[in-house]
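Data block for run.txt (compact mmCIF, C-alpha atoms and all ligand atoms):
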# COMPACT_ATOMS: atom_id res chain seq x y z
CA MET A 1 2.47 2.63 9.08
CA PRO A 2 0.97 0.38 6.41
CA GLU A 3 3.11 0.15 3.29
CA LEU A 4 2.57 -1.66 0.01
CA PRO A 5 2.51 -5.23 1.44
CA GLU A 6 -0.06 -4.38 4.12
CA VAL A 7 -2.24 -2.52 1.62
CA GLU A 8 -1.97 -5.37 -0.90
CA ILE A 9 -2.97 -7.96 1.74
CA THR A 10 -5.86 -5.72 2.76
CA ARG A 11 -6.92 -5.53 -0.88
CA ARG A 12 -6.79 -9.28 -1.40
CA GLN A 13 -8.85 -9.98 1.71
CA LEU A 14 -11.34 -7.19 1.02
CA VAL A 15 -12.07 -8.34 -2.54
CA PRO A 16 -14.60 -10.99 -1.43
CA LEU A 17 -16.06 -8.53 1.10
CA LEU A 18 -16.60 -5.76 -1.47
CA VAL A 19 -16.51 -6.84 -5.08
CA GLY A 20 -19.89 -7.73 -6.58
CA ARG A 21 -21.81 -6.40 -3.57
CA LEU A 22 -24.48 -3.72 -3.65
CA ILE A 23 -24.00 -0.97 -1.06
CA ALA A 24 -27.22 -0.45 0.89
CA ALA A 25 -26.30 1.95 3.69
CA VAL A 26 -23.40 4.12 4.83
CA ARG A 27 -22.68 5.18 8.41
CA THR A 28 -19.89 7.61 9.25
CA SER A 29 -18.40 9.52 12.14
CA ALA A 30 -18.75 13.33 12.23
CA PRO A 31 -17.16 15.36 9.41
CA SER A 32 -13.37 15.70 9.90
CA TYR A 33 -10.11 15.83 7.96
CA PHE A 34 -10.48 12.06 7.53
CA PHE A 35 -13.15 12.74 4.89
CA ILE A 36 -11.95 14.42 1.69
CA THR A 37 -15.50 13.81 0.47
CA SER A 38 -17.99 14.84 3.15
CA PRO A 39 -20.03 12.19 4.99
CA ARG A 40 -23.18 13.85 3.63
CA VAL A 41 -22.07 13.26 0.02
CA LEU A 42 -20.87 9.69 0.75
CA LYS A 43 -24.30 8.87 2.21
CA ARG A 44 -26.01 10.30 -0.85
CA ARG A 45 -23.83 8.84 -3.61
CA LEU A 46 -22.78 5.38 -2.34
CA PRO A 47 -26.04 3.55 -1.58
CA GLY A 48 -27.42 1.69 -4.59
CA ARG A 49 -23.97 1.30 -6.15
CA ARG A 50 -22.25 -2.01 -6.75
CA VAL A 51 -18.47 -2.46 -6.35
CA ILE A 52 -17.02 -3.96 -9.51
CA GLU A 53 -13.30 -3.99 -8.75
CA LEU A 54 -10.83 -3.24 -5.96
CA ARG A 55 -7.41 -2.08 -7.09
CA ARG A 56 -4.24 -0.90 -5.38
CA LEU A 57 -2.04 1.97 -6.49
CA GLY A 58 1.01 2.35 -4.24
CA LYS A 59 -0.48 2.65 -0.74
CA TYR A 60 -3.96 3.62 -2.04
CA LEU A 61 -6.96 1.38 -2.54
CA LEU A 62 -9.43 2.25 -5.24
CA ALA A 63 -12.91 0.66 -5.42
CA ASP A 64 -14.48 1.03 -8.87
CA LEU A 65 -18.26 1.39 -8.70
CA ASP A 66 -20.78 0.37 -11.37
CA ASP A 67 -21.63 3.98 -12.30
CA GLY A 68 -17.99 5.01 -12.89
CA GLN A 69 -17.45 6.58 -9.47
CA ARG A 70 -14.29 5.52 -7.63
CA LEU A 71 -13.91 5.25 -3.87
CA LEU A 72 -10.37 6.09 -2.79
CA LEU A 73 -9.16 4.73 0.56
CA HIS A 74 -5.83 5.35 2.30
CA LEU A 75 -4.90 3.71 5.61
CA GLY A 76 -2.67 6.59 6.75
CA MET A 77 -0.72 5.70 9.92
CA THR A 78 -3.19 3.61 11.90
CA GLY A 79 -6.05 2.80 9.52
CA GLN A 80 -7.77 -0.61 9.68
CA LEU A 81 -10.14 -1.97 7.03
CA PHE A 82 -11.95 -5.17 7.90
CA GLY A 83 -15.15 -7.11 7.79
CA HIS A 84 -17.71 -7.69 10.52
CA GLY A 85 -16.70 -10.75 12.50
CA ALA A 86 -12.98 -9.85 12.58
CA ALA A 87 -11.50 -10.15 16.05
CA SER A 88 -8.22 -8.68 17.27
CA VAL A 89 -6.99 -6.75 20.26
CA ARG A 90 -5.59 -4.25 17.74
CA LEU A 91 -9.19 -3.33 16.90
CA LEU A 92 -9.80 -2.09 20.43
CA SER A 93 -8.74 1.25 21.90
CA SER A 94 -5.54 0.80 23.92
CA THR A 95 -7.32 1.45 27.22
CA ARG A 96 -10.08 -1.03 26.43
CA GLY A 97 -7.63 -3.61 25.09
CA ALA A 98 -5.40 -3.34 28.17
CA ALA A 99 -8.37 -3.69 30.53
CA LEU A 100 -9.44 -7.02 29.04
CA ALA A 101 -8.26 -10.42 30.17
CA PRO A 102 -6.15 -12.13 27.45
CA GLU A 103 -8.92 -14.58 26.57
CA SER A 104 -11.42 -11.72 26.00
CA GLN A 105 -9.04 -9.76 23.80
CA THR A 106 -10.24 -11.69 20.79
CA ALA A 107 -13.79 -10.47 21.38
CA ARG A 108 -15.54 -9.60 18.15
CA PHE A 109 -15.34 -6.01 17.06
CA SER A 110 -18.30 -3.70 17.48
CA PRO A 111 -18.15 -0.18 16.02
CA ASP A 112 -16.55 2.37 18.37
CA ARG A 113 -15.75 6.11 18.16
CA HIS A 114 -12.74 5.38 15.92
CA THR A 115 -14.95 3.69 13.32
CA HIS A 116 -15.31 6.40 10.69
CA LEU A 117 -16.93 4.51 7.84
CA GLN A 118 -19.27 1.53 7.86
CA LEU A 119 -20.66 0.04 4.67
CA SER A 120 -23.70 -2.23 4.80
CA PHE A 121 -24.84 -4.23 1.81
CA ALA A 122 -28.10 -5.36 0.25
CA ASP A 123 -27.17 -9.02 0.82
CA PRO A 124 -26.98 -10.46 4.35
CA GLY A 125 -23.15 -10.69 4.26
CA PRO A 126 -20.80 -8.84 6.61
CA ASP A 127 -20.50 -5.06 6.91
CA VAL A 128 -17.13 -3.48 6.11
CA TYR A 129 -15.54 -1.06 8.57
CA PHE A 130 -12.83 1.57 8.23
CA ARG A 131 -11.43 2.30 11.68
CA ASP A 132 -8.60 4.75 12.36
CA ALA A 133 -7.56 5.86 15.85
CA ARG A 134 -5.36 8.73 14.62
CA LYS A 135 -7.42 9.70 11.60
CA PHE A 136 -4.51 10.17 9.17
CA GLY A 137 -6.37 7.85 6.82
CA LYS A 138 -8.41 9.25 3.95
CA VAL A 139 -11.70 8.60 2.18
CA GLN A 140 -12.58 10.27 -1.11
CA LEU A 141 -15.32 9.53 -3.63
CA LEU A 142 -14.30 10.52 -7.16
CA ARG A 143 -17.00 11.25 -9.71
CA PRO A 144 -16.96 9.39 -13.05
CA GLY A 145 -13.89 10.58 -14.96
CA GLU A 146 -12.71 12.78 -12.08
CA GLY A 147 -8.93 12.70 -11.64
CA SER A 148 -7.10 12.79 -8.35
CA PRO A 149 -3.90 14.79 -7.84
CA ARG A 150 -2.98 12.25 -5.12
CA LEU A 151 -3.00 9.44 -7.68
CA GLU A 152 -1.61 11.42 -10.58
CA ARG A 153 1.57 12.34 -8.74
CA LEU A 154 2.38 8.70 -7.89
CA GLY A 155 5.38 7.13 -9.61
CA VAL A 156 5.54 3.54 -10.82
CA ASP A 157 4.13 0.96 -8.40
CA ALA A 158 6.98 -0.65 -6.46
CA LEU A 159 5.99 -4.17 -7.64
CA ALA A 160 6.47 -3.02 -11.26
CA TRP A 161 9.78 -1.25 -10.63
CA THR A 162 12.88 -2.02 -12.70
CA GLY A 163 16.59 -1.30 -12.31
CA ALA A 164 16.51 0.81 -15.47
CA ARG A 165 13.77 3.05 -14.06
CA LEU A 166 15.52 3.42 -10.71
CA PHE A 167 18.82 4.22 -12.42
CA ALA A 168 17.15 6.89 -14.60
CA ALA A 169 15.34 8.41 -11.61
CA SER A 170 18.55 8.56 -9.55
CA ARG A 171 20.61 10.59 -12.02
CA ARG A 172 21.53 14.09 -10.79
CA ARG A 173 19.43 13.58 -7.63
CA ARG A 174 21.22 15.24 -4.72
CA ILE A 175 19.36 13.25 -2.06
CA PRO A 176 20.25 10.14 -0.04
CA LEU A 177 19.23 6.78 -1.53
CA LYS A 178 16.83 6.24 1.36
CA ALA A 179 14.98 9.47 0.55
CA LEU A 180 14.72 8.44 -3.11
CA LEU A 181 13.08 5.13 -2.10
CA LEU A 182 10.54 7.00 0.03
CA ASP A 183 9.70 9.53 -2.72
CA GLN A 184 6.23 8.33 -3.81
CA SER A 185 6.51 10.31 -7.06
CA VAL A 186 9.48 8.10 -8.02
CA VAL A 187 8.19 4.75 -6.76
CA ALA A 188 4.87 4.20 -5.00
CA GLY A 189 4.36 1.95 -2.00
CA ILE A 190 7.70 1.82 -0.15
CA GLY A 191 7.86 3.23 3.38
CA ASN A 192 10.37 3.28 6.18
CA ILE A 193 10.47 -0.42 7.08
CA TYR A 194 10.86 -1.86 3.60
CA ALA A 195 13.31 0.85 2.48
CA ASP A 196 15.67 -0.01 5.35
CA GLU A 197 15.29 -3.76 4.80
CA ALA A 198 15.86 -3.54 1.03
CA LEU A 199 18.94 -1.32 1.40
CA PHE A 200 20.41 -3.83 3.86
CA LEU A 201 19.70 -6.73 1.52
CA ALA A 202 21.35 -4.84 -1.36
CA GLY A 203 24.37 -3.86 0.78
CA LEU A 204 23.81 -0.17 0.07
CA ARG A 205 24.10 2.52 2.70
CA PRO A 206 20.93 4.63 3.05
CA THR A 207 22.99 7.83 3.26
CA ARG A 208 24.70 7.20 -0.10
CA GLY A 209 23.95 9.96 -2.61
CA ALA A 210 21.36 8.72 -5.12
CA ALA A 211 23.40 10.00 -8.06
CA ARG A 212 26.31 7.72 -7.03
CA LEU A 213 24.28 4.58 -7.65
CA THR A 214 25.81 2.47 -10.45
CA ARG A 215 23.68 0.69 -13.04
CA PRO A 216 24.38 -2.84 -11.58
CA GLU A 217 23.63 -1.52 -8.07
CA ALA A 218 20.29 -0.21 -9.32
CA ASP A 219 19.43 -3.74 -10.46
CA HIS A 220 20.52 -5.19 -7.09
CA LEU A 221 18.47 -2.65 -5.19
CA VAL A 222 15.28 -3.25 -7.17
CA THR A 223 15.76 -7.02 -6.80
CA ALA A 224 16.08 -6.47 -3.03
CA VAL A 225 12.99 -4.22 -2.93
CA LEU A 226 10.92 -6.85 -4.75
CA ALA A 227 12.23 -9.68 -2.54
CA VAL A 228 11.38 -7.79 0.64
CA LEU A 229 7.90 -6.74 -0.56
CA HIS A 230 6.95 -10.20 -1.86
CA ARG A 231 8.21 -11.88 1.32
CA SER A 232 6.18 -9.48 3.45
CA ILE A 233 3.03 -10.12 1.41
CA GLU A 234 3.67 -13.85 1.85
CA THR A 235 3.94 -13.51 5.64
CA GLY A 236 0.90 -11.26 6.06
CA GLY A 237 2.74 -7.93 6.37
CA SER A 238 4.13 -6.17 9.44
CA SER A 239 1.89 -5.81 12.49
CA ILE A 240 4.01 -3.43 14.54
CA SER A 241 1.39 -1.06 15.94
CA ASP A 242 -2.15 -1.04 14.55
CA TYR A 243 -2.05 -2.98 11.33
CA VAL A 244 -4.29 -6.05 11.16
CA GLN A 245 -5.41 -8.09 8.20
CA PRO A 246 -9.08 -7.64 7.31
CA ASP A 247 -9.87 -10.96 9.03
CA GLY A 248 -8.29 -9.69 12.27
CA SER A 249 -5.09 -11.72 12.13
CA ASP A 250 -1.59 -10.28 12.55
CA GLY A 251 1.15 -10.31 9.95
CA THR A 252 4.47 -11.83 10.96
CA TYR A 253 7.00 -9.98 8.79
CA GLN A 254 8.11 -7.89 11.80
CA ASP A 255 9.81 -11.06 13.13
CA GLU A 256 11.95 -11.24 9.97
CA ARG A 257 13.23 -7.66 10.03
CA ARG A 258 17.00 -7.62 9.78
CA VAL A 259 17.72 -3.96 10.61
CA TYR A 260 14.53 -1.91 10.99
CA GLY A 261 13.90 -1.06 14.65
CA ARG A 262 16.98 -3.07 15.71
CA GLU A 263 19.37 -0.28 16.75
CA GLY A 264 22.28 -1.68 18.76
CA GLU A 265 21.42 -5.31 18.01
CA PRO A 266 24.04 -7.37 16.12
CA CYS A 267 23.88 -7.29 12.32
CA PRO A 268 22.59 -10.71 11.20
CA SER A 269 25.48 -10.98 8.69
CA CYS A 270 28.55 -9.64 10.54
CA GLY A 271 27.55 -8.96 14.16
CA THR A 272 28.33 -5.20 14.08
CA PRO A 273 25.71 -3.29 16.11
CA ILE A 274 23.00 -1.82 13.87
CA THR A 275 23.28 1.96 13.49
CA ARG A 276 20.28 4.28 13.63
CA ARG A 277 20.33 7.71 12.02
CA VAL A 278 17.65 10.21 11.10
CA ILE A 279 17.45 10.91 7.37
CA GLY A 280 14.83 13.37 6.21
CA GLN A 281 13.10 13.13 9.61
CA ARG A 282 12.79 9.35 9.29
CA SER A 283 14.55 6.80 11.48
CA THR A 284 16.98 4.85 9.36
CA HIS A 285 18.67 1.60 10.36
CA TYR A 286 21.71 0.03 8.71
CA CYS A 287 24.94 -1.91 9.23
CA ARG A 288 27.95 0.36 8.79
CA ARG A 289 30.12 -2.60 7.86
CA CYS A 290 27.86 -4.46 5.37
CA GLN A 291 26.38 -1.41 3.66
CA CYS A 292 28.53 1.07 1.74
ZN ZN B 301 26.79 -6.22 8.98

Starting from the coordinates I provided, produce the structure as C-alpha cells.
Amino acid sequence: MPELPEVEITRRQLVPLLVGRLIAAVRTSAPSYFFITSPRVLKRRLPGRRVIELRRLGKYLLADLDDGQRLLLHLGMTGQLFGHGAASVRLLSSTRGAALAPESQTARFSPDRHTHLQLSFADPGPDVYFRDARKFGKVQLLRPGEGSPRLERLGVDALAWTGARLFAASRRRRIPLKALLLDQSVVAGIGNIYADEALFLAGLRPTRGAARLTRPEADHLVTAVLAVLHRSIETGGSSISDYVQPDGSDGTYQDERRVYGREGEPCPSCGTPITRRVIGQRSTHYCRRCQC
C-alpha cells in the first residue's frame, strides 16, 4: 500500500505532467465507489481548467486548479498514477503480465478496464492515467472553498513531525505505539511498512503502550521515522505489489527493509529471528531482543 514516500515520489514526478497544463478532456470508467465525485461531474467541471499546483497532504495528493477547485487523489491499496509512455509489468493485469515473455513485459501501457481516470491536455504532451485494480483509490473534485472531512481530520504531516508533538499525542493513550504511528489523525502518511521499520531503528517495541514513551524516546522515534521516510523517497519508494513511479520504474526501498515482511529471518543487528504479531489487524514485525 502506498505510504508517504510513494505518494511524495508520485507527486514529484507528476508535477511536470500536470502543473501548468490545460485539461482538455476527461475519460473515466463507469461510476463506482472509486469516484467520490461522479464521472459526469468530473467531465463537466475539469475540461478548460489549468492545474496550478500539486501538493501532498499525508497520503493524499491535491491538484489546485486555476478556478479554485481542488482535485483530490488517493492511491488506496493498488492505485497507480502515471503518464502516457510509462512502461512496467506492474501496469498490466496479473494474467496479462504473466502471459507475456519477459522482453515484452515492458510494453507501453494502453488504457485497460482498470484505468478509471484519463486526463488529456490542450497541448500535445502525454495524457495522465489513474489506474487501480482494486479500486480502493479515490477521486474527488472539491469546489472553490469546499472543505474535505478527509483532509480536515489529518494530523501533522509525518515529514513535519517533532518529538514534542509525538510526546504530547502519546500521553494517556492506551494503545500500542504501532497503532499510534498508524493513526492518521495524529500523524499523516505513515503506514505499516515504515511504522515497523522506524520502530526497529528506534529500538522500541511496537506493542509498548504509547503512554509509556519517554520524552527522549519520542525524539528518537521521530528521528527514526524521518530517516526511514527520507531514505525511502531517495530510493524511489517500496514496490512490493502494485506501486510504480509515474515513469514506470520500480522503487528499491523494499530491498532495504530490516524487519517488515521478514518474519523468521535473522535480525540484522543481533541475529534473533524476527517476530511477527498482529496489532490492530495489521501485521507487525520486530526483534524481541533489540526492541523493548
Ligand atoms: Zn535484534

For this session: Write as a list in words the residues around ligand ZN 301 (chain B), taking 10 Å as the cut-off and counting all atoms listed in the file.
Result: Phe200, Gly203, Arg258, Val259, Pro266, Cys267, Pro268, Ser269, Cys270, Gly271, Thr272, Pro273, Ile274, Thr275, Tyr286, Cys287, Arg288, Arg289, Cys290 and Gln291 of chain A

Could you save the residues just selected, with C-alpha atoms, as a PDB file, in the frame of the given file?
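Result saved to out.pdb:
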ATOM      1  CA  PHE A 200      20.410  -3.830   3.860  1.00  0.00           C
ATOM      2  CA  GLY A 203      24.370  -3.860   0.780  1.00  0.00           C
ATOM      3  CA  ARG A 258      17.000  -7.620   9.780  1.00  0.00           C
ATOM      4  CA  VAL A 259      17.720  -3.960  10.610  1.00  0.00           C
ATOM      5  CA  PRO A 266      24.040  -7.370  16.120  1.00  0.00           C
ATOM      6  CA  CYS A 267      23.880  -7.290  12.320  1.00  0.00           C
ATOM      7  CA  PRO A 268      22.590 -10.710  11.200  1.00  0.00           C
ATOM      8  CA  SER A 269      25.480 -10.980   8.690  1.00  0.00           C
ATOM      9  CA  CYS A 270      28.550  -9.640  10.540  1.00  0.00           C
ATOM     10  CA  GLY A 271      27.550  -8.960  14.160  1.00  0.00           C
ATOM     11  CA  THR A 272      28.330  -5.200  14.080  1.00  0.00           C
ATOM     12  CA  PRO A 273      25.710  -3.290  16.110  1.00  0.00           C
ATOM     13  CA  ILE A 274      23.000  -1.820  13.870  1.00  0.00           C
ATOM     14  CA  THR A 275      23.280   1.960  13.490  1.00  0.00           C
ATOM     15  CA  TYR A 286      21.710   0.030   8.710  1.00  0.00           C
ATOM     16  CA  CYS A 287      24.940  -1.910   9.230  1.00  0.00           C
ATOM     17  CA  ARG A 288      27.950   0.360   8.790  1.00  0.00           C
ATOM     18  CA  ARG A 289      30.120  -2.600   7.860  1.00  0.00           C
ATOM     19  CA  CYS A 290      27.860  -4.460   5.370  1.00  0.00           C
ATOM     20  CA  GLN A 291      26.380  -1.410   3.660  1.00  0.00           C
TER      21      GLN A 291
END

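In terms of minimum interatomic distance to Val41 (chain A), A:Leu142 ranks closest within A:Gly20, A:His74, A:Arg12, A:Leu142, counting only C-alpha atoms.
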
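When only C-alpha atoms are used to measure the gap to Ile36 (chain A), the shortest distance among A:Arg208, A:Arg153, A:Lys138, A:Arg165 belongs to A:Lys138.
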
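Using only C-alpha atoms, the nearest neighbour of Ala211 (chain A) within the list A:Val228, A:Ala122, A:Leu46, A:Ile175 is A:Ile175.
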
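A straight line drawn from CA of Glu234 (chain A) to CA of Asp132 (chain A) is 24.6 Å long.
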
Problem set entry | Nearby residues (all atoms listed in the file) at most 7 Å from Gly236 (chain A), same-chain spacing under 2 positions excluded, as a list in words | Ile9, Ser232, Ile233, Glu234, Ser238, Gly251, Thr252 and Tyr253 of chain A

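Interatomic distance, CA of Ala218 (chain A) to CA of Ser170 (chain A): 8.9 Å.
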
Exercise. Residues at most 12 Å from Leu154 (chain A), counting only C-alpha atoms, excluding those fewer than 4 positions away in the same chain, as a ChimeraX atom specification?
Worked result: /A:56-60,148-150,158,182-190

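Distances here use only C-alpha atoms; by that measure, the residue among A:Pro111, A:Gly163, A:Gly76, A:Pro176 closest to Arg134 (chain A) is A:Gly76.
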
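Among the candidates A:Ile52, A:Ala25, A:Leu62, A:Ala198, the one nearest to Arg257 (chain A) when counting all atoms listed in the file is A:Ala198.
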
For this session: Please return, as a ChimeraX atom specification, all polymer residues that have at least one atom within 12 Å of the point (-8.3, 6.3, 3.0); use all atoms listed in the file and the file's own coordinate frame.
Result: /A:2,7,33-37,56,59-63,71-81,116-117,129-132,135-141,150

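Proximity to Ile193 (chain A) was assessed for A:Tyr243, A:Tyr260, A:Phe167, A:Trp161 counting only C-alpha atoms; the smallest distance is recorded for A:Tyr260.
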
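Going from CA of Ala87 (chain A) to CA of Asp242 (chain A) covers 13.1 Å.
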
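Within 8 Å of Pro126 (chain A), once only C-alpha atoms are used and residues closer than 6 positions along the same chain are dropped, the contacting residues are Leu17, Gly83, His84, Gly85 and Ser120 of chain A.
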
Listed atoms of region 270-280 of chain A boxed along x, y and z, 6 Å each side, centre and edge lengths in Å, one decimal, as AutoDock Vina command-line options:
--center_x 21.7 --center_y 1.9 --center_z 11.2 --size_x 25.7 --size_y 35.0 --size_z 21.9

Exercise. Could you name the residues that touch Val26 (chain A) at 10 Å or less, counting only C-alpha atoms, but leaving out those on the same chain fewer than 6 positions away, as a PyMOL selection string?
Worked result: chain A and resi 39-40+42-47+117-121+127-128

Would you mind completing region 265-276 of chain A to N, CA, C and O atoms and writing the output as an mmCIF file, in the frame of the given file?
data_model
loop_
_atom_site.group_PDB
_atom_site.id
_atom_site.type_symbol
_atom_site.label_atom_id
_atom_site.label_comp_id
_atom_site.auth_asym_id
_atom_site.auth_seq_id
_atom_site.Cartn_x
_atom_site.Cartn_y
_atom_site.Cartn_z
ATOM 1 N N GLU A 265 21.383 -3.842 18.090
ATOM 2 C CA GLU A 265 21.420 -5.310 18.010
ATOM 3 C C GLU A 265 22.454 -5.736 16.969
ATOM 4 O O GLU A 265 22.767 -4.986 16.060
ATOM 5 N N PRO A 266 23.006 -6.958 17.079
ATOM 6 C CA PRO A 266 24.040 -7.370 16.120
ATOM 7 C C PRO A 266 23.480 -7.545 14.708
ATOM 8 O O PRO A 266 22.383 -8.069 14.530
ATOM 9 N N CYS A 267 24.243 -7.075 13.728
ATOM 10 C CA CYS A 267 23.880 -7.290 12.320
ATOM 11 C C CYS A 267 23.795 -8.796 12.073
ATOM 12 O O CYS A 267 24.685 -9.539 12.481
ATOM 13 N N PRO A 268 22.736 -9.269 11.419
ATOM 14 C CA PRO A 268 22.590 -10.710 11.200
ATOM 15 C C PRO A 268 23.687 -11.299 10.304
ATOM 16 O O PRO A 268 23.903 -12.509 10.312
ATOM 17 N N SER A 269 24.418 -10.458 9.550
ATOM 18 C CA SER A 269 25.480 -10.980 8.690
ATOM 19 C C SER A 269 26.849 -10.937 9.371
ATOM 20 O O SER A 269 27.620 -11.878 9.262
ATOM 21 N N CYS A 270 27.175 -9.803 10.051
ATOM 22 C CA CYS A 270 28.550 -9.640 10.540
ATOM 23 C C CYS A 270 28.639 -9.376 12.040
ATOM 24 O O CYS A 270 29.734 -9.365 12.594
ATOM 25 N N GLY A 271 27.520 -9.150 12.712
ATOM 26 C CA GLY A 271 27.550 -8.960 14.160
ATOM 27 C C GLY A 271 27.787 -7.530 14.625
ATOM 28 O O GLY A 271 27.654 -7.225 15.812
ATOM 29 N N THR A 272 28.150 -6.616 13.704
ATOM 30 C CA THR A 272 28.330 -5.200 14.080
ATOM 31 C C THR A 272 26.985 -4.640 14.562
ATOM 32 O O THR A 272 25.962 -4.925 13.947
ATOM 33 N N PRO A 273 26.989 -3.852 15.658
ATOM 34 C CA PRO A 273 25.710 -3.290 16.110
ATOM 35 C C PRO A 273 25.059 -2.424 15.021
ATOM 36 O O PRO A 273 25.745 -1.654 14.355
ATOM 37 N N ILE A 274 23.754 -2.592 14.869
ATOM 38 C CA ILE A 274 23.000 -1.820 13.870
ATOM 39 C C ILE A 274 22.984 -0.340 14.263
ATOM 40 O O ILE A 274 22.751 0.003 15.415
ATOM 41 N N THR A 275 23.267 0.516 13.294
ATOM 42 C CA THR A 275 23.280 1.960 13.490
ATOM 43 C C THR A 275 21.915 2.542 13.174
ATOM 44 O O THR A 275 21.247 2.083 12.257
ATOM 45 N N ARG A 276 21.507 3.561 13.948
ATOM 46 C CA ARG A 276 20.280 4.280 13.630
ATOM 47 C C ARG A 276 20.624 5.745 13.408
ATOM 48 O O ARG A 276 21.365 6.340 14.178
#
